[in-house]
>>> print(open('structure_24.csv').read())   # CSV, C-alpha atoms
chain,number,residue,atom,x,y,z
K,1,GLY,CA,-15.1,1.7,7.7
K,2,ALA,CA,-14.5,-1.1,5.2
K,3,VAL,CA,-12.4,-4.1,6.4
K,4,VAL,CA,-10.3,-6.4,4.3
K,5,SER,CA,-9.4,-9.7,5.9
K,6,GLN,CA,-6.2,-11.5,4.7
K,7,HIS,CA,-5.4,-15.1,5.7
K,8,PRO,CA,-3.0,-16.6,6.7
K,9,SER,CA,-0.9,-13.9,8.4
K,10,ARG,CA,2.1,-16.1,8.4
K,11,VAL,CA,3.1,-19.2,6.4
K,12,ILE,CA,6.2,-21.3,6.3
K,13,CYS,CA,6.5,-23.9,3.6
K,14,LYS,CA,9.0,-26.1,1.9
K,15,SER,CA,10.5,-25.3,-1.4
K,16,GLY,CA,8.4,-26.7,-4.2
K,17,THR,CA,5.1,-26.6,-2.5
K,18,SER,CA,2.2,-24.2,-3.3
K,19,VAL,CA,0.7,-21.7,-0.9
K,20,LYS,CA,-2.7,-20.1,-1.1
K,21,ILE,CA,-3.4,-16.7,0.4
K,22,GLU,CA,-6.9,-15.4,0.7
K,23,CYS,CA,-8.2,-11.8,0.7
K,24,ARG,CA,-11.8,-11.1,1.7
K,25,SER,CA,-13.7,-7.9,1.7
K,26,LEU,CA,-15.9,-7.9,4.8
K,27,ASP,CA,-19.3,-6.1,4.5
K,28,PHE,CA,-18.6,-4.7,1.1
K,29,GLN,CA,-18.2,-6.0,-2.4
K,30,ALA,CA,-15.1,-5.7,-4.4
K,31,THR,CA,-15.1,-6.4,-8.1
K,32,THR,CA,-11.4,-5.5,-8.1
K,33,MET,CA,-8.7,-6.4,-5.7
K,34,PHE,CA,-5.0,-5.7,-5.8
K,35,TRP,CA,-2.1,-7.8,-4.8
K,36,TYR,CA,1.2,-6.3,-3.7
K,37,ARG,CA,4.6,-7.6,-2.7
K,38,GLN,CA,6.8,-5.9,-0.2
K,39,PHE,CA,10.5,-6.7,0.3
K,40,PRO,CA,12.1,-5.8,3.6
K,41,LYS,CA,12.5,-2.1,4.0
K,42,GLN,CA,11.1,-1.4,0.6
K,43,SER,CA,7.9,-0.1,-0.9
K,44,LEU,CA,4.9,-2.0,-2.0
K,45,MET,CA,5.1,-3.2,-5.6
K,46,LEU,CA,1.9,-3.9,-7.4
K,47,MET,CA,1.9,-7.5,-8.7
K,48,ALA,CA,-1.6,-7.8,-10.3
K,49,THR,CA,-5.1,-6.6,-10.4
K,50,SER,CA,-7.7,-9.3,-9.6
K,51,ASN,CA,-10.9,-9.0,-11.5
K,52,GLU,CA,-14.1,-10.7,-10.5
K,53,GLY,CA,-15.4,-12.8,-13.3
K,54,SER,CA,-12.4,-12.4,-15.6
K,55,LYS,CA,-8.7,-12.9,-15.7
K,56,ALA,CA,-6.3,-11.1,-13.5
K,57,THR,CA,-4.1,-8.3,-15.0
K,58,TYR,CA,-0.5,-8.8,-14.2
K,59,GLU,CA,2.1,-6.1,-14.0
K,60,GLN,CA,5.2,-6.3,-16.1
K,61,GLY,CA,7.7,-8.8,-14.9
K,62,VAL,CA,5.3,-10.8,-12.8
K,63,GLU,CA,4.9,-14.4,-13.8
K,64,LYS,CA,1.3,-15.3,-14.0
K,65,ASP,CA,1.9,-19.0,-14.0
K,66,LYS,CA,3.9,-18.5,-10.8
K,67,PHE,CA,1.4,-16.3,-9.0
K,68,LEU,CA,-2.1,-17.6,-9.8
K,69,ILE,CA,-5.0,-15.3,-9.0
K,70,ASN,CA,-8.6,-16.3,-8.7
K,71,HIS,CA,-11.4,-13.8,-8.0
K,72,ALA,CA,-14.0,-16.3,-7.1
K,73,SER,CA,-16.7,-14.0,-5.8
K,74,LEU,CA,-17.4,-10.4,-5.1
K,75,THR,CA,-15.8,-10.7,-1.7
K,76,LEU,CA,-12.9,-13.1,-2.2
K,77,SER,CA,-9.7,-13.1,-4.2
K,78,THR,CA,-6.9,-15.7,-3.8
K,79,LEU,CA,-3.3,-15.6,-4.6
K,80,THR,CA,-1.5,-19.0,-5.0
K,81,VAL,CA,2.2,-19.0,-5.1
K,82,THR,CA,3.0,-22.2,-7.1
K,83,SER,CA,6.1,-24.3,-6.6
K,84,ALA,CA,7.4,-21.8,-4.1
K,85,HIS,CA,11.1,-21.1,-3.9
K,86,PRO,CA,13.1,-19.2,-1.3
K,87,GLU,CA,13.2,-16.2,-3.5
K,88,ASP,CA,9.4,-16.0,-3.3
K,89,SER,CA,9.8,-15.3,0.4
K,90,SER,CA,8.2,-11.9,1.0
K,91,PHE,CA,5.4,-10.0,2.5
K,92,TYR,CA,2.2,-10.1,0.4
K,93,ILE,CA,-0.5,-7.6,0.8
K,94,CYS,CA,-4.0,-7.3,-0.8
K,95,SER,CA,-6.2,-4.3,-1.0
K,96,ALA,CA,-9.7,-3.6,-2.2
K,97,PRO,CA,-11.2,-0.2,-3.2
K,98,GLY,CA,-14.0,1.1,-1.1
K,99,ARG,CA,-17.4,2.3,-2.2
K,100,GLY,CA,-16.0,5.5,-3.7
K,101,GLN,CA,-13.4,3.4,-5.5
K,102,ASP,CA,-10.6,5.9,-4.8
K,103,ILE,CA,-9.7,4.7,-1.3
K,104,GLN,CA,-7.9,1.4,-0.9
K,105,TYR,CA,-8.5,-0.8,2.1
K,106,PHE,CA,-5.6,-3.1,2.9
K,107,GLY,CA,-5.3,-6.5,4.4
K,108,ALA,CA,-2.9,-7.0,7.2
K,109,GLY,CA,-0.5,-8.9,4.9
K,110,THR,CA,0.9,-12.4,4.7
K,111,ARG,CA,4.5,-13.2,5.6
K,112,LEU,CA,5.6,-16.1,3.4
K,113,SER,CA,8.8,-17.9,4.2
K,114,VAL,CA,10.0,-20.6,1.9
K,115,LEU,CA,12.6,-23.0,3.3
H,1,ALA,CA,6.2,5.9,-16.3
H,2,GLN,CA,4.5,7.3,-13.3
H,3,ARG,CA,6.8,7.7,-10.3
H,4,VAL,CA,6.5,8.7,-6.7
H,5,THR,CA,9.7,9.8,-4.9
H,6,GLN,CA,10.1,10.1,-1.2
H,7,PRO,CA,13.7,11.2,-0.7
H,8,GLU,CA,14.0,10.6,3.0
H,9,LYS,CA,14.0,7.0,4.4
H,10,LEU,CA,14.0,8.3,7.9
H,11,LEU,CA,12.9,11.5,9.5
H,12,SER,CA,13.6,12.0,13.2
H,13,VAL,CA,12.1,15.0,15.0
H,14,PHE,CA,11.4,16.0,18.6
H,15,LYS,CA,8.0,16.1,20.0
H,16,GLY,CA,6.4,19.5,19.3
H,17,ALA,CA,8.6,20.2,16.3
H,18,PRO,CA,7.2,20.8,12.8
H,19,VAL,CA,7.2,17.8,10.4
H,20,GLU,CA,7.4,17.8,6.7
H,21,LEU,CA,7.5,14.5,4.8
H,22,LYS,CA,8.5,15.1,1.2
H,23,CYS,CA,6.8,13.6,-1.8
H,24,ASN,CA,7.4,14.4,-5.5
H,25,TYR,CA,5.7,12.7,-8.4
H,26,SER,CA,5.8,12.5,-12.1
H,27,TYR,CA,2.5,11.9,-14.0
H,28,SER,CA,1.3,12.7,-17.4
H,29,GLY,CA,-2.3,13.4,-16.5
H,30,SER,CA,-4.1,15.0,-13.6
H,31,PRO,CA,-2.8,13.2,-10.5
H,32,GLU,CA,-4.8,11.8,-7.6
H,33,LEU,CA,-2.4,11.7,-4.7
H,34,PHE,CA,-2.7,10.1,-1.3
H,35,TRP,CA,-0.8,9.6,1.9
H,36,TYR,CA,-1.1,6.2,3.5
H,37,VAL,CA,0.3,5.5,7.0
H,38,GLN,CA,1.3,2.3,8.7
H,39,TYR,CA,1.6,2.3,12.5
H,40,SER,CA,3.6,-0.3,14.2
H,41,ARG,CA,2.0,-3.8,13.8
H,42,GLN,CA,-1.0,-2.4,12.0
H,43,ARG,CA,-2.1,-2.5,8.5
H,44,LEU,CA,-1.6,0.2,5.9
H,45,GLN,CA,-4.4,2.8,6.1
H,46,LEU,CA,-5.4,6.0,4.4
H,47,LEU,CA,-4.3,9.2,6.1
H,48,LEU,CA,-5.5,11.7,3.6
H,49,ARG,CA,-6.0,12.4,-0.1
H,50,HIS,CA,-5.5,15.6,-2.0
H,51,ILE,CA,-9.0,15.9,-3.4
H,52,SER,CA,-10.6,16.1,0.1
H,53,ARG,CA,-8.3,19.0,1.2
H,54,GLU,CA,-8.9,18.1,4.8
H,55,SER,CA,-6.7,17.9,7.8
H,56,ILE,CA,-6.4,14.5,9.5
H,57,LYS,CA,-4.7,14.1,12.9
H,58,GLY,CA,-3.3,17.6,12.3
H,59,PHE,CA,-1.6,16.6,9.0
H,60,THR,CA,-2.2,18.5,5.8
H,61,ALA,CA,-0.9,18.0,2.3
H,62,ASP,CA,-1.2,20.5,-0.6
H,63,LEU,CA,-0.8,19.4,-4.2
H,64,ASN,CA,1.6,21.7,-5.9
H,65,LYS,CA,1.4,21.0,-9.6
H,66,GLY,CA,4.1,23.5,-10.5
H,67,GLU,CA,6.6,21.7,-8.3
H,68,THR,CA,4.9,18.3,-8.8
H,69,SER,CA,4.9,17.8,-5.0
H,70,PHE,CA,2.6,16.6,-2.3
H,71,HIS,CA,4.4,17.1,0.9
H,72,LEU,CA,2.9,16.1,4.2
H,73,LYS,CA,3.0,18.6,7.0
H,74,LYS,CA,2.2,18.9,10.6
H,75,PRO,CA,3.0,21.9,12.7
H,76,PHE,CA,3.6,20.1,16.0
H,77,ALA,CA,4.7,16.4,16.0
H,78,GLN,CA,3.4,14.0,18.6
H,79,GLU,CA,4.9,10.7,19.7
H,80,GLU,CA,1.9,8.8,18.4
H,81,ASP,CA,2.7,10.1,14.9
H,82,SER,CA,5.7,7.8,14.7
H,83,ALA,CA,5.0,5.4,11.8
H,84,MET,CA,5.9,4.6,8.2
H,85,TYR,CA,4.3,7.1,5.7
H,86,TYR,CA,3.8,6.3,2.1
H,87,CYS,CA,2.9,8.8,-0.6
H,88,ALA,CA,0.9,7.2,-3.4
H,89,LEU,CA,-0.4,8.1,-6.8
H,90,ALA,CA,-3.5,6.6,-8.3
H,91,GLU,CA,-3.2,5.4,-11.9
H,92,TYR,CA,-6.1,4.4,-14.2
H,93,GLY,CA,-8.1,1.6,-12.8
H,94,ASN,CA,-7.5,2.7,-9.2
H,95,LYS,CA,-4.0,1.2,-9.2
H,96,LEU,CA,-1.7,2.8,-6.7
H,97,VAL,CA,2.0,3.6,-7.3
H,98,PHE,CA,3.7,3.9,-4.0
H,99,GLY,CA,6.8,5.9,-3.0
H,100,ALA,CA,9.5,4.1,-1.0
H,101,GLY,CA,8.1,5.3,2.3
H,102,THR,CA,9.5,7.5,5.0
H,103,ILE,CA,9.8,6.4,8.6
H,104,LEU,CA,8.9,9.2,11.0
H,105,ARG,CA,10.3,8.9,14.5
H,106,VAL,CA,9.1,11.4,17.0
H,107,LYS,CA,11.3,11.6,20.0
H,108,SER,CA,10.2,12.8,23.5
>>> encode(input="structure_24.csv", output="structure tokens")
Amino acid sequence: GAVVSQHPSRVICKSGTSVKIECRSLDFQATTMFWYRQFPKQSLMLMATSNEGSKATYEQGVEKDKFLINHASLTLSTLTVTSAHPEDSSFYICSAPGRGQDIQYFGAGTRLSVL
Amino acid sequence: AQRVTQPEKLLSVFKGAPVELKCNYSYSGSPELFWYVQYSRQRLQLLLRHISRESIKGFTADLNKGETSFHLKKPFAQEEDSAMYYCALAEYGNKLVFGAGTILRVKS
């Protein structure tokens, strides 16, 4: 089946720094990718839809200047958490729809801890 | 707004007992519903979707439009079924709206 690779799996950074998370679709192309945030013991909340060749679409309440998304190619989307603060600490997950478009394939997630 | 409700945070059953994980939804159109599963230390993955009407690992889920439900069922639970289960609804543009998730614990 399709595989989505997410990197890094864990990152610890100081408050005020920026962190980049990569999401790659392996052996398939994804014109759309999705970024989710998951708080402890809570569900996944969609943050934004990453669109190859155009601007990302952000969900209501998500700061686009805080969470920069770049869909550089048909296999790569990046999420940059700018000027990270402790409240940005969370588990970030990306997904990409497979060939049929209705099944999502998920990355393993990135645990961000901001000190 | 579209919503997916999973009322149980934790469901604990004995091995061999029947399992039913509840999911209710609200959606203005014709819904596409899924069950995703996350086993310990693994990524989220698709378990089944309503349009395929298939049984995966012994699990089935029937879409009941009258009750706006998509409950996940298995007649005989196995220990390896222990995991977090998410019910999800697909919106336009393939966006998924997830329920809060239910932890299934199968005890021996």
>>> atom_distance(input="structure_24.csv", atom1="CA of Phe67 in chain K", atom2="CA of Ala100 in chain H")
23.4 Å
>>> interface_residues(input="structure_24.csv", of="chain K", to="chain H", cutoff="12 Å", atoms="all atoms listed in the file", output="number ranges by chain")
K: 1-6, 9, 31-51, 57-59, 92-98, 100-110
>>> closest_residue(input="structure_24.csv", among="H:Pro18, H:Pro7, H:Pro31, H:Gly66", to="Asp81 in chain H", atoms="all atoms listed in the file")
H:Pro18
>>> closest_residue(input="structure_24.csv", among="H:Ile51, H:Ala77, H:Ile103, H:Ala88", to="Ser26 in chain H", atoms="all atoms listed in the file")
H:Ala88
>>> closest_residue(input="structure_24.csv", among="K:Val114, K:His7, K:Val62, K:Glu87", to="Ser25 in chain K", atoms="all atoms listed in the file")
K:His7
>>> atom_distance(input="structure_24.csv", atom1="CA of Phe14 in chain H", atom2="CA of Leu104 in chain H")
10.5 Å
>>> atom_distance(input="structure_24.csv", atom1="CA of Glu63 in chain K", atom2="CA of Ser15 in chain K")
17.4 Å
>>> residues_around(input="structure_24.csv", residues="Asn24 in chain H", least_positions_apart="6", cutoff="7 Å", atoms="all atoms listed in the file", output="number ranges by chain")
H: 4-6, 68-70
>>> residues_around(input="structure_24.csv", residues="range 16-22 of chain K", least_positions_apart="4", cutoff="8 Å", atoms="all atoms listed in the file", output="CSV table (one decimal) with C-alpha atoms, in the coordinates of the input")
chain,number,residue,atom,x,y,z
K,6,GLN,CA,-6.2,-11.5,4.7
K,7,HIS,CA,-5.4,-15.1,5.7
K,8,PRO,CA,-3.0,-16.6,6.7
K,76,LEU,CA,-12.9,-13.1,-2.2
K,77,SER,CA,-9.7,-13.1,-4.2
K,78,THR,CA,-6.9,-15.7,-3.8
K,79,LEU,CA,-3.3,-15.6,-4.6
K,80,THR,CA,-1.5,-19.0,-5.0
K,81,VAL,CA,2.2,-19.0,-5.1
K,82,THR,CA,3.0,-22.2,-7.1
K,83,SER,CA,6.1,-24.3,-6.6
K,84,ALA,CA,7.4,-21.8,-4.1
K,85,HIS,CA,11.1,-21.1,-3.9
K,110,THR,CA,0.9,-12.4,4.7
>>> closest_residue(input="structure_24.csv", among="K:Ser89, K:Ala30, K:Arg99, K:Leu112", to="Ala72 in chain K", atoms="all atoms listed in the file")
K:Ala30
>>> axis_aligned_box(input="structure_24.csv", around="range 82-98 of chain K", padding_each_side="5 Å", output="AutoDock Vina command-line options")
--center_x -0.4 --center_y -11.6 --center_z -2.3 --size_x 37.2 --size_y 35.4 --size_z 19.6
>>> closest_residue(input="structure_24.csv", among="K:Cys23, K:Arg10, K:Gln29, K:Leu115", to="Leu74 in chain K", atoms="all atoms listed in the file")
K:Gln29
>>> build_atoms(input="structure_24.csv", residues="range 82-100 of chain H", atoms="N, CA, C and O atoms", output="PDB file, keeping the file's coordinate frame")
ATOM      1  N   SER H  82       4.606   8.631  15.190  1.00  0.00           N
ATOM      2  CA  SER H  82       5.700   7.800  14.700  1.00  0.00           C
ATOM      3  C   SER H  82       5.092   6.591  13.929  1.00  0.00           C
ATOM      4  O   SER H  82       4.242   5.851  14.433  1.00  0.00           O
ATOM      5  N   ALA H  83       5.542   6.451  12.702  1.00  0.00           N
ATOM      6  CA  ALA H  83       5.000   5.400  11.800  1.00  0.00           C
ATOM      7  C   ALA H  83       5.737   5.484  10.487  1.00  0.00           C
ATOM      8  O   ALA H  83       6.625   6.317  10.285  1.00  0.00           O
ATOM      9  N   MET H  84       5.340   4.581   9.578  1.00  0.00           N
ATOM     10  CA  MET H  84       5.900   4.600   8.200  1.00  0.00           C
ATOM     11  C   MET H  84       4.810   5.332   7.354  1.00  0.00           C
ATOM     12  O   MET H  84       3.624   4.984   7.401  1.00  0.00           O
ATOM     13  N   TYR H  85       5.240   6.285   6.573  1.00  0.00           N
ATOM     14  CA  TYR H  85       4.300   7.100   5.700  1.00  0.00           C
ATOM     15  C   TYR H  85       4.663   6.821   4.264  1.00  0.00           C
ATOM     16  O   TYR H  85       5.814   6.948   3.843  1.00  0.00           O
ATOM     17  N   TYR H  86       3.616   6.514   3.500  1.00  0.00           N
ATOM     18  CA  TYR H  86       3.800   6.300   2.100  1.00  0.00           C
ATOM     19  C   TYR H  86       2.970   7.309   1.289  1.00  0.00           C
ATOM     20  O   TYR H  86       1.773   7.498   1.535  1.00  0.00           O
ATOM     21  N   CYS H  87       3.624   7.925   0.347  1.00  0.00           N
ATOM     22  CA  CYS H  87       2.900   8.800  -0.600  1.00  0.00           C
ATOM     23  C   CYS H  87       2.547   7.858  -1.792  1.00  0.00           C
ATOM     24  O   CYS H  87       3.327   6.968  -2.176  1.00  0.00           O
ATOM     25  N   ALA H  88       1.353   8.042  -2.329  1.00  0.00           N
ATOM     26  CA  ALA H  88       0.900   7.200  -3.400  1.00  0.00           C
ATOM     27  C   ALA H  88       0.137   7.949  -4.451  1.00  0.00           C
ATOM     28  O   ALA H  88      -0.553   8.928  -4.133  1.00  0.00           O
ATOM     29  N   LEU H  89       0.253   7.498  -5.676  1.00  0.00           N
ATOM     30  CA  LEU H  89      -0.400   8.100  -6.800  1.00  0.00           C
ATOM     31  C   LEU H  89      -1.338   7.084  -7.430  1.00  0.00           C
ATOM     32  O   LEU H  89      -0.932   5.938  -7.637  1.00  0.00           O
ATOM     33  N   ALA H  90      -2.565   7.492  -7.721  1.00  0.00           N
ATOM     34  CA  ALA H  90      -3.500   6.600  -8.300  1.00  0.00           C
ATOM     35  C   ALA H  90      -3.437   6.641  -9.839  1.00  0.00           C
ATOM     36  O   ALA H  90      -3.552   7.716 -10.427  1.00  0.00           O
ATOM     37  N   GLU H  91      -3.218   5.480 -10.442  1.00  0.00           N
ATOM     38  CA  GLU H  91      -3.200   5.400 -11.900  1.00  0.00           C
ATOM     39  C   GLU H  91      -4.657   5.030 -12.350  1.00  0.00           C
ATOM     40  O   GLU H  91      -5.562   4.890 -11.541  1.00  0.00           O
ATOM     41  N   TYR H  92      -4.783   4.819 -13.623  1.00  0.00           N
ATOM     42  CA  TYR H  92      -6.100   4.400 -14.200  1.00  0.00           C
ATOM     43  C   TYR H  92      -6.430   3.026 -13.510  1.00  0.00           C
ATOM     44  O   TYR H  92      -5.569   2.263 -13.133  1.00  0.00           O
ATOM     45  N   GLY H  93      -7.710   2.808 -13.362  1.00  0.00           N
ATOM     46  CA  GLY H  93      -8.100   1.600 -12.800  1.00  0.00           C
ATOM     47  C   GLY H  93      -7.896   1.475 -11.283  1.00  0.00           C
ATOM     48  O   GLY H  93      -7.881   0.401 -10.695  1.00  0.00           O
ATOM     49  N   ASN H  94      -7.693   2.609 -10.646  1.00  0.00           N
ATOM     50  CA  ASN H  94      -7.500   2.700  -9.200  1.00  0.00           C
ATOM     51  C   ASN H  94      -6.202   2.015  -8.729  1.00  0.00           C
ATOM     52  O   ASN H  94      -6.042   1.747  -7.535  1.00  0.00           O
ATOM     53  N   LYS H  95      -5.277   1.730  -9.625  1.00  0.00           N
ATOM     54  CA  LYS H  95      -4.000   1.200  -9.200  1.00  0.00           C
ATOM     55  C   LYS H  95      -3.179   2.221  -8.494  1.00  0.00           C
ATOM     56  O   LYS H  95      -3.127   3.370  -8.924  1.00  0.00           O
ATOM     57  N   LEU H  96      -2.524   1.826  -7.429  1.00  0.00           N
ATOM     58  CA  LEU H  96      -1.700   2.800  -6.700  1.00  0.00           C
ATOM     59  C   LEU H  96      -0.216   2.520  -6.948  1.00  0.00           C
ATOM     60  O   LEU H  96       0.245   1.382  -6.938  1.00  0.00           O
ATOM     61  N   VAL H  97       0.495   3.611  -7.173  1.00  0.00           N
ATOM     62  CA  VAL H  97       2.000   3.600  -7.300  1.00  0.00           C
ATOM     63  C   VAL H  97       2.485   4.202  -5.993  1.00  0.00           C
ATOM     64  O   VAL H  97       2.175   5.363  -5.704  1.00  0.00           O
ATOM     65  N   PHE H  98       3.272   3.451  -5.250  1.00  0.00           N
ATOM     66  CA  PHE H  98       3.700   3.900  -4.000  1.00  0.00           C
ATOM     67  C   PHE H  98       5.165   4.473  -4.037  1.00  0.00           C
ATOM     68  O   PHE H  98       5.999   3.985  -4.814  1.00  0.00           O
ATOM     69  N   GLY H  99       5.425   5.466  -3.203  1.00  0.00           N
ATOM     70  CA  GLY H  99       6.800   5.900  -3.000  1.00  0.00           C
ATOM     71  C   GLY H  99       7.470   4.858  -2.064  1.00  0.00           C
ATOM     72  O   GLY H  99       6.842   3.917  -1.580  1.00  0.00           O
ATOM     73  N   ALA H 100       8.746   5.074  -1.826  1.00  0.00           N
ATOM     74  CA  ALA H 100       9.500   4.100  -1.000  1.00  0.00           C
ATOM     75  C   ALA H 100       9.187   4.154   0.442  1.00  0.00           C
ATOM     76  O   ALA H 100       9.523   3.238   1.181  1.00  0.00           O
TER      77      ALA H 100
END
